[in-house]
>>> print(open('protein36.cif').read())   # mmCIF, C-alpha atoms
data_target
loop_
_atom_site.label_atom_id
_atom_site.label_comp_id
_atom_site.auth_asym_id
_atom_site.auth_seq_id
_atom_site.Cartn_x
_atom_site.Cartn_y
_atom_site.Cartn_z
CA MET A 1 120.09 -80.59 -82.58
CA GLY A 2 119.34 -81.47 -78.97
CA THR A 3 117.83 -84.52 -77.35
CA ALA A 4 116.37 -85.10 -73.92
CA SER A 5 114.33 -87.69 -72.06
CA LEU A 6 111.92 -87.56 -69.18
CA LYS A 7 110.51 -90.46 -67.20
CA VAL A 8 107.25 -89.10 -65.85
CA SER A 9 106.77 -90.00 -62.22
CA GLY A 10 104.17 -92.79 -62.12
CA GLY A 11 103.91 -92.47 -65.88
CA LYS A 12 105.75 -93.02 -69.11
CA MET A 13 108.95 -92.09 -70.92
CA ILE A 14 109.09 -89.15 -73.34
CA ASN A 15 112.10 -88.48 -75.58
CA ALA A 16 112.40 -85.36 -77.70
CA ARG A 17 114.74 -84.49 -80.55
CA VAL A 18 114.65 -80.77 -81.18
CA GLU A 19 116.38 -78.54 -83.70
CA LEU A 20 116.41 -74.77 -83.24
CA CYS A 21 117.32 -72.00 -85.64
CA ASN A 22 117.51 -68.39 -84.47
CA GLY A 23 115.83 -69.41 -81.23
CA SER A 24 112.82 -71.08 -82.83
CA ILE A 25 111.99 -74.75 -83.26
CA ILE A 26 112.49 -75.84 -86.86
CA SER A 27 112.25 -79.58 -86.34
CA ILE A 28 110.94 -81.76 -83.53
CA GLN A 29 110.14 -85.41 -82.98
CA PHE A 30 108.83 -87.20 -79.91
CA THR A 31 109.33 -90.86 -79.14
CA GLY A 32 108.47 -92.86 -76.04
CA ASP A 33 106.13 -95.36 -74.45
CA PHE A 34 103.33 -92.91 -73.63
CA PHE A 35 99.77 -93.25 -74.93
CA LEU A 36 98.01 -90.65 -77.07
CA HIS A 37 94.49 -91.17 -78.39
CA PRO A 38 94.24 -90.71 -81.33
CA GLU A 39 97.84 -91.70 -82.03
CA GLU A 40 98.16 -89.85 -85.35
CA LEU A 41 97.76 -86.57 -83.50
CA ILE A 42 101.43 -86.70 -82.52
CA GLU A 43 102.28 -85.35 -85.96
CA VAL A 44 99.81 -82.49 -85.56
CA ILE A 45 101.37 -81.66 -82.18
CA GLU A 46 104.87 -81.71 -83.66
CA SER A 47 103.77 -79.45 -86.55
CA ALA A 48 102.09 -77.01 -84.13
CA LEU A 49 105.40 -76.62 -82.28
CA ILE A 50 107.36 -75.57 -85.37
CA GLY A 51 108.24 -71.87 -85.17
CA LYS A 52 107.71 -71.73 -81.39
CA ARG A 53 110.35 -70.45 -79.03
CA PRO A 54 111.39 -72.61 -76.10
CA CYS A 55 109.15 -71.21 -73.37
CA GLU A 56 107.76 -74.03 -71.23
CA ASP A 57 104.33 -72.58 -70.49
CA GLU A 58 103.71 -71.48 -74.07
CA LEU A 59 104.77 -74.86 -75.42
CA ALA A 60 102.47 -76.63 -72.94
CA GLN A 61 99.60 -74.33 -73.96
CA THR A 62 100.22 -75.06 -77.65
CA ILE A 63 100.12 -78.81 -77.00
CA ASP A 64 97.03 -78.48 -74.80
CA ARG A 65 95.24 -76.50 -77.50
CA VAL A 66 95.89 -79.25 -80.05
CA LEU A 67 94.72 -81.92 -77.60
CA GLN A 68 91.55 -80.04 -76.72
CA GLY A 69 90.85 -79.13 -80.35
CA HIS A 70 90.86 -82.81 -81.26
CA ASN A 71 89.21 -84.12 -78.11
CA ALA A 72 92.39 -86.13 -77.58
CA GLN A 73 93.77 -87.84 -74.48
CA LEU A 74 97.36 -88.16 -73.37
CA ILE A 75 97.93 -90.99 -70.92
CA GLY A 76 101.06 -91.43 -68.85
CA ALA A 77 102.30 -87.90 -69.54
CA SER A 78 100.92 -84.37 -69.69
CA ALA A 79 101.35 -81.46 -72.08
CA GLN A 80 103.54 -79.84 -69.42
CA ASP A 81 105.78 -82.94 -69.36
CA PHE A 82 106.23 -82.70 -73.12
CA ALA A 83 107.06 -79.00 -72.76
CA LYS A 84 109.66 -79.81 -70.08
CA VAL A 85 111.42 -82.31 -72.37
CA ILE A 86 111.49 -79.78 -75.20
CA MET A 87 113.03 -77.21 -72.85
CA GLU A 88 115.73 -79.64 -71.81
CA ALA A 89 116.45 -80.69 -75.39
CA SER A 90 116.68 -77.01 -76.37
CA GLN A 91 119.46 -76.21 -73.87
CA MET B 1 75.86 -109.04 -78.10
CA ASN B 2 77.43 -112.21 -79.31
CA TRP B 3 81.21 -112.33 -79.07
CA ARG B 4 83.34 -114.27 -81.49
CA VAL B 5 86.20 -116.07 -79.78
CA ILE B 6 89.10 -117.11 -81.98
CA PRO B 7 91.04 -119.85 -80.21
CA LEU B 8 94.78 -119.85 -79.68
CA LYS B 9 96.70 -119.57 -82.94
CA THR B 10 100.27 -118.88 -83.94
CA HIS B 11 101.30 -116.06 -86.26
CA ASP B 12 104.34 -114.16 -87.40
CA ALA B 13 104.57 -110.60 -86.09
CA ALA B 14 103.27 -108.77 -89.16
CA THR B 15 100.28 -111.09 -89.49
CA ALA B 16 99.50 -110.90 -85.77
CA MET B 17 99.29 -107.11 -85.93
CA ALA B 18 97.51 -107.12 -89.28
CA LEU B 19 94.78 -109.41 -87.93
CA ASP B 20 94.12 -106.95 -85.10
CA GLU B 21 93.64 -104.19 -87.64
CA ALA B 22 91.53 -106.36 -89.96
CA ALA B 23 89.28 -107.35 -87.04
CA SER B 24 89.00 -103.67 -86.01
CA GLU B 25 87.92 -102.78 -89.52
CA ALA B 26 85.39 -105.63 -89.49
CA VAL B 27 83.94 -104.37 -86.18
CA ARG B 28 83.79 -100.84 -87.58
CA ARG B 29 81.64 -102.23 -90.41
CA GLY B 30 79.32 -104.02 -88.00
CA GLY B 31 81.14 -107.32 -87.60
CA PRO B 32 81.19 -109.28 -84.33
CA PRO B 33 83.13 -108.10 -81.30
CA THR B 34 86.10 -110.41 -81.14
CA ILE B 35 88.35 -111.97 -78.53
CA ARG B 36 91.42 -113.74 -79.86
CA PHE B 37 94.40 -115.54 -78.34
CA TYR B 38 97.71 -116.05 -80.12
CA ARG B 39 101.40 -116.81 -79.88
CA TRP B 40 104.25 -115.45 -81.97
CA LEU B 41 106.34 -117.59 -84.33
CA PRO B 42 109.07 -116.70 -84.80
CA SER B 43 109.52 -114.95 -81.47
CA ALA B 44 109.34 -111.20 -82.01
CA VAL B 45 109.89 -107.78 -80.57
CA SER B 46 107.06 -105.29 -80.84
CA ILE B 47 107.50 -101.58 -80.23
CA GLY B 48 104.87 -99.04 -79.30
CA TYR B 49 103.42 -96.68 -81.90
CA PHE B 50 105.59 -93.77 -80.71
CA GLN B 51 108.81 -95.68 -80.25
CA SER B 52 111.88 -95.79 -82.45
CA MET B 53 112.82 -99.26 -83.72
CA GLU B 54 116.46 -98.29 -84.04
CA ALA B 55 116.58 -96.88 -80.52
CA GLU B 56 114.83 -99.82 -78.89
CA VAL B 57 115.79 -102.97 -80.79
CA ASP B 58 119.14 -104.64 -81.49
CA LEU B 59 118.44 -105.45 -85.11
CA ASP B 60 121.66 -107.40 -85.65
CA ALA B 61 120.86 -109.63 -82.69
CA CYS B 62 117.32 -110.13 -84.01
CA ARG B 63 118.67 -111.19 -87.39
CA LYS B 64 121.11 -113.63 -85.79
CA LEU B 65 118.45 -115.15 -83.55
CA GLY B 66 115.69 -115.08 -86.17
CA VAL B 67 113.53 -112.73 -84.09
CA ASP B 68 110.89 -110.68 -85.95
CA GLN B 69 110.25 -106.99 -85.32
CA VAL B 70 107.05 -105.02 -85.69
CA ARG B 71 105.62 -101.66 -84.68
CA ARG B 72 102.19 -101.79 -83.07
CA ARG B 73 99.14 -99.58 -83.67
CA THR B 74 99.07 -99.06 -79.91
CA GLY B 75 101.28 -96.92 -77.72
CA GLY B 76 103.23 -98.31 -74.81
CA GLY B 77 106.64 -99.90 -74.60
CA THR B 78 108.85 -102.50 -76.20
CA VAL B 79 107.85 -106.12 -75.66
CA TYR B 80 109.77 -109.29 -76.38
CA HIS B 81 107.22 -111.92 -77.40
CA ASP B 82 108.89 -115.25 -76.83
CA HIS B 83 107.11 -118.08 -78.65
CA ASP B 84 107.30 -120.31 -75.60
CA GLY B 85 107.15 -117.59 -72.97
CA GLU B 86 103.84 -115.88 -73.41
CA ILE B 87 100.20 -115.91 -74.46
CA THR B 88 98.85 -112.82 -76.18
CA TYR B 89 95.23 -111.75 -76.42
CA SER B 90 93.29 -109.06 -78.27
CA VAL B 91 89.85 -107.67 -77.55
CA ILE B 92 88.24 -105.82 -80.45
CA ALA B 93 84.82 -104.27 -79.92
CA PRO B 94 82.80 -101.09 -80.40
CA GLU B 95 84.13 -98.37 -78.11
CA SER B 96 80.58 -97.97 -76.77
CA PHE B 97 80.86 -101.36 -75.00
CA PHE B 98 83.49 -99.95 -72.70
CA GLY B 99 82.76 -96.22 -72.40
CA LYS B 100 84.99 -93.20 -72.90
CA ASP B 101 87.12 -93.64 -69.78
CA ILE B 102 90.26 -95.34 -71.06
CA ILE B 103 91.74 -96.33 -67.69
CA ALA B 104 88.35 -97.74 -66.62
CA SER B 105 88.30 -99.87 -69.76
CA TYR B 106 91.83 -101.14 -69.09
CA ASN B 107 90.66 -101.99 -65.60
CA LEU B 108 87.64 -103.88 -66.95
CA ILE B 109 89.52 -105.97 -69.52
CA CYS B 110 92.52 -106.50 -67.24
CA GLY B 111 89.98 -107.68 -64.65
CA TRP B 112 89.31 -110.69 -66.90
CA ILE B 113 93.02 -111.55 -66.75
CA VAL B 114 93.03 -111.06 -62.99
CA ASP B 115 90.08 -113.49 -62.81
CA ALA B 116 91.99 -116.02 -64.92
CA PHE B 117 94.98 -115.72 -62.59
CA SER B 118 92.65 -116.20 -59.65
CA GLN B 119 91.46 -119.50 -61.17
CA LEU B 120 95.11 -120.55 -61.29
CA GLY B 121 95.57 -119.64 -57.63
CA ILE B 122 97.52 -116.47 -58.42
CA SER B 123 96.52 -113.32 -56.61
CA ALA B 124 97.03 -110.38 -58.98
CA GLU B 125 95.73 -106.87 -59.47
CA PHE B 126 95.45 -104.24 -62.17
CA LYS B 127 98.07 -101.53 -61.76
CA PRO B 128 97.31 -98.42 -63.78
CA ILE B 129 98.20 -97.40 -66.36
CA ASN B 130 98.36 -100.71 -68.16
CA ASP B 131 99.96 -103.45 -66.08
CA ILE B 132 98.88 -106.42 -64.00
CA VAL B 133 101.06 -107.27 -61.02
CA THR B 134 101.35 -110.18 -58.64
CA GLN B 135 103.44 -110.04 -55.47
CA GLY B 136 104.46 -106.54 -56.59
CA LYS B 137 105.89 -107.79 -59.90
CA LYS B 138 104.57 -107.25 -63.41
CA ILE B 139 103.11 -110.37 -65.02
CA SER B 140 101.06 -108.82 -67.84
CA GLY B 141 101.38 -105.71 -70.00
CA ASN B 142 98.52 -104.28 -72.05
CA ALA B 143 97.97 -101.56 -74.64
CA GLN B 144 94.88 -99.99 -76.13
CA THR B 145 93.90 -97.91 -79.12
CA ARG B 146 90.59 -96.48 -80.19
CA ARG B 147 90.08 -95.67 -83.83
CA GLY B 148 86.87 -95.26 -85.79
CA LYS B 149 84.87 -95.85 -82.57
CA VAL B 150 86.44 -99.29 -82.23
CA LEU B 151 88.45 -100.30 -79.19
CA LEU B 152 91.40 -102.63 -79.61
CA GLN B 153 93.20 -103.80 -76.51
CA HIS B 154 95.94 -106.35 -76.76
CA GLY B 155 98.28 -107.62 -74.11
CA THR B 156 100.64 -110.31 -73.07
CA ILE B 157 100.51 -112.79 -70.24
CA LEU B 158 103.99 -113.86 -69.28
CA TYR B 159 104.17 -117.61 -68.96
CA ASP B 160 107.95 -118.00 -68.80
CA LEU B 161 110.72 -115.45 -68.55
CA ASP B 162 114.27 -115.48 -69.87
CA VAL B 163 115.61 -112.02 -69.11
CA LYS B 164 118.98 -112.67 -70.71
CA ARG B 165 117.36 -113.66 -74.00
CA MET B 166 115.00 -110.68 -73.80
CA PHE B 167 117.92 -108.29 -73.24
CA SER B 168 119.84 -109.85 -76.10
CA VAL B 169 117.38 -108.46 -78.66
CA LEU B 170 116.82 -105.08 -77.01
CA LYS B 171 119.15 -102.09 -77.09
CA VAL B 172 120.68 -102.78 -73.73
CA THR B 173 124.38 -102.17 -73.25
CA GLU B 174 126.69 -105.11 -72.58
CA GLU B 175 127.38 -103.87 -69.03
CA LYS B 176 123.70 -103.81 -68.33
CA ILE B 177 123.35 -107.47 -69.28
CA SER B 178 125.08 -108.20 -66.01
CA ASP B 179 123.86 -110.57 -63.33
CA LYS B 180 123.01 -107.51 -61.25
CA MET B 181 120.86 -105.98 -63.99
CA ILE B 182 119.16 -109.28 -64.70
CA ALA B 183 118.42 -109.64 -60.99
CA ALA B 184 117.00 -106.09 -60.99
CA VAL B 185 114.57 -106.98 -63.79
CA GLU B 186 113.66 -110.24 -62.11
CA ASP B 187 112.79 -108.17 -59.05
CA ARG B 188 110.20 -106.25 -61.08
CA VAL B 189 108.87 -108.85 -63.52
CA THR B 190 107.60 -112.37 -63.02
CA CYS B 191 105.74 -115.06 -64.95
CA ILE B 192 103.19 -117.82 -64.42
CA ARG B 193 105.86 -120.51 -64.07
CA ARG B 194 107.46 -118.69 -61.16
CA VAL B 195 104.27 -118.24 -59.18
CA SER B 196 102.21 -121.31 -60.11
CA ASN B 197 102.42 -124.88 -61.31
CA ALA B 198 99.90 -124.20 -64.08
CA THR B 199 100.83 -125.47 -67.52
CA ARG B 200 100.61 -123.21 -70.55
CA ASP B 201 97.45 -125.02 -71.65
CA GLU B 202 95.86 -124.59 -68.21
CA THR B 203 96.78 -120.90 -68.35
CA TYR B 204 95.16 -120.55 -71.76
CA GLN B 205 92.01 -122.39 -70.65
CA ALA B 206 91.73 -120.14 -67.59
CA LEU B 207 92.10 -117.04 -69.78
CA ARG B 208 89.51 -118.31 -72.23
CA GLU B 209 87.06 -119.04 -69.45
CA ALA B 210 87.58 -115.69 -67.72
CA PHE B 211 87.35 -113.67 -70.95
CA THR B 212 84.04 -115.32 -71.91
CA LYS B 213 82.43 -115.45 -68.46
CA ASP B 214 78.87 -114.03 -68.47
CA LYS B 215 79.09 -113.33 -72.22
CA ASP B 216 77.18 -114.77 -75.14
CA PHE B 217 79.89 -116.11 -77.40
CA TYR B 218 80.73 -118.61 -80.07
CA GLU B 219 83.98 -120.13 -81.17
CA GLY B 220 84.69 -118.63 -84.55
CA GLU B 221 87.29 -118.15 -87.21
CA TRP B 222 88.47 -115.31 -89.40
CA THR B 223 86.29 -114.65 -92.39
CA GLU B 224 87.93 -114.98 -95.79
CA LYS B 225 87.57 -111.23 -96.24
CA GLU B 226 89.28 -110.47 -92.92
CA PHE B 227 92.09 -112.87 -93.60
CA ALA B 228 92.64 -111.49 -97.10
CA TYR B 229 92.72 -107.94 -95.73
CA ALA B 230 95.12 -109.01 -92.98
CA ARG B 231 97.44 -110.60 -95.53
CA GLU B 232 97.40 -107.38 -97.50
CA LEU B 233 98.13 -105.31 -94.38
CA ALA B 234 100.90 -107.66 -93.29
CA GLU B 235 102.56 -107.25 -96.66
CA THR B 236 101.96 -103.57 -97.36
CA LYS B 237 102.16 -102.15 -93.85
CA TYR B 238 103.39 -104.26 -90.93
CA SER B 239 106.38 -105.76 -92.71
CA THR B 240 107.50 -102.51 -94.32
CA ARG B 241 110.35 -100.26 -93.28
CA GLU B 242 108.08 -97.27 -93.82
CA TRP B 243 105.76 -98.38 -90.99
CA ASN B 244 108.20 -100.10 -88.64
CA PHE B 245 110.86 -97.41 -88.75
CA GLN B 246 108.56 -94.40 -88.90
CA ARG B 247 110.03 -92.78 -85.76
#
>>> encode(input="protein36.cif", output="structure tokens")
Amino acid sequence: MGTASLKVSGGKMINARVELCNGSIISIQFTGDFFLHPEELIEVIESALIGKRPCEDELAQTIDRVLQGHNAQLIGASAQDFAKVIMEASQ
Amino acid sequence: MNWRVIPLKTHDAATAMALDEAASEAVRRGGPPTIRFYRWLPSAVSIGYFQSMEAEVDLDACRKLGVDQVRRRTGGGTVYHDHDGEITYSVIAPESFFGKDIIASYNLICGWIVDAFSQLGISAEFKPINDIVTQGKKISGNAQTRRGKVLLQHGTILYDLDVKRMFSVLKVTEEKISDKMIAAVEDRVTCIRRVSNATRDETYQALREAFTKDKDFYEGEWTEKEFAYARELAETKYSTREWNFQR
């Protein structure tokens, strides 16, 4: 189980708690003071990351796909920022 | 459109948040767009939708001091709502009133607060994402959600500031509650009392006037249906561990 935090420059705080098994994410939870519209989508994003390997660009793409698929907006952080925190928590 | 304005009231944390949701549901069903002002009794800490109560709030200190805790429907950060230290507002209206651009809508609603400050002789400006600053220091924090094509924005206007008391209910280490740390926060945050001689009532009147300027409005109250739904939400959602400790 790893944890990491990122204060986005000019933006918000993202914390991630990540658990890996055989190099893949088996559990993940984000907390922080960012904004996501609609809010409930955070659980869809977390579910979409299960089974993924810690590769920053692929993680960012996965998050972006979920956001675009739901016409959602992240404010104060980007998909890439979330991917960066996962990478750090996965070290 | 005819806005309903619900004058300054006092609520506990769960009821305050439940009323926002009940009003949002009423707007979704065609009810009046609503502006409300309120204070928190007892004083409370609210956390953003994505925050962890255990990580952010010193629950033992809250119990000792009789401070409520609640998780909001909106994102954003942890806020200490002192009963005597702030005025809170909510704006609940169809999303179509404000357009899709979220930052633009923050700017618009925060502009009403800036106008109120201007009436009090305080020069302030909206600072994206969701703050209002005066003399480079934060004086108001705001948060927005959009669900079911209804926009809810709520925010606080700091009237008085007691950083030591605020820190005492947040998860801040003992070393951080040092004079140096308190000074650091006081460098970034201010309140009406530090920049103006306005009383709390004058502040509220200025807010009320600025929020209703150029609008058709009437002074209204909660409907029985809204209040009943809010009581249900306060009991079954906003005061439950399941909601407040979800993350």
>>> resolve_selection(input="protein36.cif", expression="the PyMOL selection byres ((chain B) within 7 of (chain A))", output="VMD selection string")
chain B and resid 48 50 to 52 75 to 77 145 to 147 247
>>> closest_residue(input="protein36.cif", among="A:Leu41, A:Ile50, A:Ser78, A:Ala60", to="A:Glu19", atoms="only C-alpha atoms")
A:Ile50
>>> axis_aligned_box(input="protein36.cif", around="stretch 159-174 of chain B", padding_each_side="4 Å", output="lines of an AutoDock Vina configuration file")
center_x = 115.4
center_y = -110.0
center_z = -73.6
size_x = 30.5
size_y = 23.9
size_z = 18.1
>>> resolve_selection(input="protein36.cif", expression="the PyMOL selection byres ((chain B and resi 199-215) around 10)", output="JSON, numbers by chain")
{"B": [1, 2, 3, 4, 5, 6, 7, 8, 35, 36, 37, 38, 84, 85, 86, 87, 88, 89, 91, 109, 110, 111, 112, 113, 114, 115, 116, 117, 118, 119, 120, 157, 159, 160, 192, 193, 196, 197, 198, 216, 217, 218]}
>>> residues_around(input="protein36.cif", residues="stretch 83-91 of chain A", least_positions_apart="2", cutoff="6 Å", atoms="all atoms listed in the file", output="PyMOL selection string")
chain A and resi 2-4+54+56+59-60+80-81
>>> write_last_selection(input="protein36.cif", atoms="C-alpha atoms", output="PDB file, in the frame of the given file")
ATOM      1  CA  GLY A   2     119.340 -81.470 -78.970  1.00  0.00           C
ATOM      2  CA  THR A   3     117.830 -84.520 -77.350  1.00  0.00           C
ATOM      3  CA  ALA A   4     116.370 -85.100 -73.920  1.00  0.00           C
ATOM      4  CA  PRO A  54     111.390 -72.610 -76.100  1.00  0.00           C
ATOM      5  CA  GLU A  56     107.760 -74.030 -71.230  1.00  0.00           C
ATOM      6  CA  LEU A  59     104.770 -74.860 -75.420  1.00  0.00           C
ATOM      7  CA  ALA A  60     102.470 -76.630 -72.940  1.00  0.00           C
ATOM      8  CA  GLN A  80     103.540 -79.840 -69.420  1.00  0.00           C
ATOM      9  CA  ASP A  81     105.780 -82.940 -69.360  1.00  0.00           C
TER      10      ASP A  81
END
>>> resolve_selection(input="protein36.cif", expression="the PyMOL selection byres ((chain B and resi 103-106) around 9)", output="list of chain:residue names")
A:Ile75, B:Phe98, B:Gly99, B:Lys100, B:Asp101, B:Ile102, B:Asn107, B:Leu108, B:Ile109, B:Cys110, B:Gly111, B:Phe126, B:Pro128, B:Ile129, B:Asn130, B:Asp131, B:Asn142, B:Ala143, B:Gln144, B:Gln153
>>> atom_distance(input="protein36.cif", atom1="atom CA of B:Arg29", atom2="atom CA of B:Thr236")
21.5 Å
>>> atom_distance(input="protein36.cif", atom1="atom CA of A:Cys21", atom2="atom CA of A:Ser5")
21.0 Å
>>> atom_distance(input="protein36.cif", atom1="atom CA of B:Glu224", atom2="atom CA of B:Pro32")
14.5 Å
>>> residues_around(input="protein36.cif", residues="A:Ala48", least_positions_apart="6", cutoff="8 Å", atoms="only C-alpha atoms", output="PyMOL selection string")
chain A and resi 62-63+66
>>> closest_residue(input="protein36.cif", among="B:Ala44, B:Cys191, B:Met17, B:Ala234", to="B:Arg165", atoms="only C-alpha atoms")
B:Ala44
